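Undergrad: One structure follows; several queries about it will come next.
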Amino acid sequence: GVLPDPPLALPPRLSRYGLSEVVNHLLGASPARPFDFLLDGELLRGSLGKALAARGISGESTITLEYIELLAPPQPRGEALVPDWISSLALAAPGSSVASSNPVLSGCYDGAAYLWDASGVQAAALGGGEGAAAVKAVAWLGERPVVASKDGAVRVWAAGGSAGGAAQLSCVGHHAAVACLAAAPAADSLATGGWDRSILLFRPPADGVPAASSEPPPSKRARGGASAVTAAVAPEELAAAAQLCGHTDCVSAL
């Protein structure tokens, strides 16, 4: 902000609180508002006299103080708890269908990834269960959640995570824990990096299933030829389109 001339004579003992009182008086602000102050581009901390002495400026000098209104810190609207450490977060791209329904994707050390709506209500859990490896990274591939784990697995779920506990794709190739993910904005490619010191590039098909497999899953029958029960469907494997080598340690970010 800018106050009118002429320059003001201020006691050097004034700190942020006292300077705020001066500005509020000059502006005629009601109610009074707190301000922060900048001297030579740096926030004023402590008294004005100490700041001048630290810069070798005489108390008789004319200086310019900039003031900015302080805003209250944002208050959380709620909190959502998960069973273990949260390792990663991803927010759906604005304008996508999931951005208006379940835009938040979190990875957890309990071996599951979770989908949340904008109010913090858990909408779905992806993976997890007894013995599941800790989730290290999550990302959105367009509208499809991608989850990378400490066991080197990278799994892609159907759009919005609607497939529940069954992933559509398993991106294979890492031989150690996967530490990071990055998806192209066009949702046509995915990069992964991990503790095997490599970066793998994948090109998941748009419909989520590689063209090589369209056979229906086999079914099992109960003894005596009773009703048929469909076996659990394992995700289709997708090999890397390219591998980038050269790092001498973990690839921790992409």
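In the structure tokens, each chain is lettered A, B, ... as it comes, each chain's residues begin at 1, and ligands are numbered from 1 in order of appearance.
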Once DSSP has gone over the backbone, tell me which residues of stretch 74-224 of chain A are in strand (DSSP E), as number ranges by chain.
TA: A: 86-91, 104-108, 112-116, 122-127, 135-141, 144-149, 154-156, 169-172, 178-183, 190-194, 199-202, 219-221
Undergrad: Per DSSP on the backbone, filter stretch 9-60 of chain A down to the residues in helix (DSSP H, G or I) and report them as a ChimeraX atom specification.
TA: /A:16-27,48-54
Undergrad: Can you write out the residues you just picked, keeping C-alpha atoms, as a compact mmCIF listing (two decimals), in the first residue's frame?
TA:
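So selection.txt came out as:
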```txt
# COMPACT_ATOMS: atom_id res chain seq x y z
CA ARG A 16 4.91 -4.80 13.43
CA TYR A 17 2.12 -4.29 15.96
CA GLY A 18 2.91 -0.62 16.54
CA LEU A 19 3.37 0.06 12.84
CA SER A 20 0.02 -1.58 12.17
CA GLU A 21 -1.62 0.84 14.61
CA VAL A 22 -0.08 3.75 12.70
CA VAL A 23 -1.30 2.46 9.32
CA ASN A 24 -4.80 1.75 10.64
CA HIS A 25 -4.99 5.29 12.04
CA LEU A 26 -3.86 6.87 8.76
CA LEU A 27 -6.26 4.74 6.71
CA LEU A 48 12.31 -0.86 13.27
CA GLY A 49 15.44 0.36 15.05
CA LYS A 50 17.04 -3.11 15.03
CA ALA A 51 16.27 -3.53 11.33
CA LEU A 52 17.91 -0.19 10.52
CA ALA A 53 20.98 -0.98 12.61
CA ALA A 54 21.38 -4.37 10.91
```
Undergrad: Between atom CA of A:Pro34 and atom CA of A:Gly56, measure the distance and give it in Å to one decimal.
TA: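 Result for atom CA of A:Pro34 versus atom CA of A:Gly56: 27.7 Å, one decimal.
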Undergrad: Do you know which residues are at most 6 Å from A:Cys108 counting only C-alpha atoms, after dropping those on the same chain fewer than 6 positions away, and could you put them as a list in words?
TA: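 Residues meeting the cut-off are Trp85, Ile86, Ser87 and Val135 of chain A.
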Undergrad: Report as an MDAnalysis selection string all protein, DNA and RNA residues lying within 12 Å of A:Glu66, evaluated on only C-alpha atoms, omitting residues in the same chain fewer than 3 positions from it.
TA: chainID A and resid 1:3 16 19:20 23 35:44 63 69
Undergrad: Go ahead and write the selection's residues with N, CA and C atoms as a PDB file, in the first residue's frame.
TA:
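Below you can see part_15.pdb, which holds the result:
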```pdb
ATOM      1  N   GLY A   1       0.812  -1.178   0.000  1.00  0.00           N
ATOM      2  CA  GLY A   1       0.000   0.000   0.000  1.00  0.00           C
ATOM      3  C   GLY A   1       0.857   1.242   0.000  1.00  0.00           C
ATOM      4  N   VAL A   2       0.251   2.396  -0.288  1.00  0.00           N
ATOM      5  CA  VAL A   2       0.957   3.672  -0.334  1.00  0.00           C
ATOM      6  C   VAL A   2       0.181   4.671   0.514  1.00  0.00           C
ATOM      7  N   LEU A   3       0.895   5.318   1.428  1.00  0.00           N
ATOM      8  CA  LEU A   3       0.303   6.365   2.247  1.00  0.00           C
ATOM      9  C   LEU A   3       0.723   7.723   1.697  1.00  0.00           C
ATOM     10  N   ARG A  16       6.040  -4.602  14.346  1.00  0.00           N
ATOM     11  CA  ARG A  16       4.912  -4.802  13.434  1.00  0.00           C
ATOM     12  C   ARG A  16       3.591  -4.350  14.049  1.00  0.00           C
ATOM     13  N   LEU A  19       3.490  -0.484  14.191  1.00  0.00           N
ATOM     14  CA  LEU A  19       3.370   0.057  12.842  1.00  0.00           C
ATOM     15  C   LEU A  19       1.976  -0.184  12.270  1.00  0.00           C
ATOM     16  N   SER A  20       1.389  -1.308  12.621  1.00  0.00           N
ATOM     17  CA  SER A  20       0.017  -1.582  12.167  1.00  0.00           C
ATOM     18  C   SER A  20      -0.959  -0.566  12.743  1.00  0.00           C
ATOM     19  N   VAL A  23      -0.662   2.588  10.633  1.00  0.00           N
ATOM     20  CA  VAL A  23      -1.297   2.463   9.320  1.00  0.00           C
ATOM     21  C   VAL A  23      -2.819   2.477   9.447  1.00  0.00           C
ATOM     22  N   PHE A  35      -1.057  -5.823   9.821  1.00  0.00           N
ATOM     23  CA  PHE A  35      -0.259  -5.671   8.615  1.00  0.00           C
ATOM     24  C   PHE A  35       1.128  -6.267   8.825  1.00  0.00           C
ATOM     25  N   ASP A  36       1.748  -6.673   7.724  1.00  0.00           N
ATOM     26  CA  ASP A  36       3.155  -7.025   7.715  1.00  0.00           C
ATOM     27  C   ASP A  36       3.884  -5.920   6.975  1.00  0.00           C
ATOM     28  N   PHE A  37       5.215  -5.803   7.211  1.00  0.00           N
ATOM     29  CA  PHE A  37       5.962  -4.703   6.639  1.00  0.00           C
ATOM     30  C   PHE A  37       7.237  -5.204   5.976  1.00  0.00           C
ATOM     31  N   LEU A  38       7.572  -4.573   4.856  1.00  0.00           N
ATOM     32  CA  LEU A  38       8.769  -4.919   4.100  1.00  0.00           C
ATOM     33  C   LEU A  38       9.732  -3.738   4.101  1.00  0.00           C
ATOM     34  N   LEU A  39      10.974  -4.027   4.450  1.00  0.00           N
ATOM     35  CA  LEU A  39      12.037  -3.041   4.375  1.00  0.00           C
ATOM     36  C   LEU A  39      13.111  -3.578   3.440  1.00  0.00           C
ATOM     37  N   ASP A  40      13.353  -2.879   2.344  1.00  0.00           N
ATOM     38  CA  ASP A  40      14.302  -3.353   1.319  1.00  0.00           C
ATOM     39  C   ASP A  40      13.939  -4.741   0.823  1.00  0.00           C
ATOM     40  N   GLY A  41      12.637  -5.009   0.694  1.00  0.00           N
ATOM     41  CA  GLY A  41      12.180  -6.293   0.161  1.00  0.00           C
ATOM     42  C   GLY A  41      12.182  -7.438   1.150  1.00  0.00           C
ATOM     43  N   GLU A  42      12.511  -7.178   2.420  1.00  0.00           N
ATOM     44  CA  GLU A  42      12.542  -8.227   3.437  1.00  0.00           C
ATOM     45  C   GLU A  42      11.514  -7.927   4.526  1.00  0.00           C
ATOM     46  N   LEU A  43      10.889  -8.993   5.023  1.00  0.00           N
ATOM     47  CA  LEU A  43       9.899  -8.827   6.080  1.00  0.00           C
ATOM     48  C   LEU A  43      10.555  -8.272   7.337  1.00  0.00           C
ATOM     49  N   LEU A  44       9.885  -7.316   7.942  1.00  0.00           N
ATOM     50  CA  LEU A  44      10.375  -6.712   9.177  1.00  0.00           C
ATOM     51  C   LEU A  44      10.058  -7.635  10.349  1.00  0.00           C
ATOM     52  N   ILE A  63      13.373   6.355   4.897  1.00  0.00           N
ATOM     53  CA  ILE A  63      13.252   5.007   4.339  1.00  0.00           C
ATOM     54  C   ILE A  63      11.835   4.800   3.810  1.00  0.00           C
ATOM     55  N   GLU A  69      -1.494  -6.418   3.994  1.00  0.00           N
ATOM     56  CA  GLU A  69      -2.450  -6.897   4.990  1.00  0.00           C
ATOM     57  C   GLU A  69      -2.218  -8.377   5.272  1.00  0.00           C
TER      58      GLU A  69
END
```
Undergrad: Pick out the closest residue to A:Leu8 from this set: A:Ala183, A:Thr64, A:Leu126, A:Ala99. Count only C-alpha atoms.
TA: A:Thr64
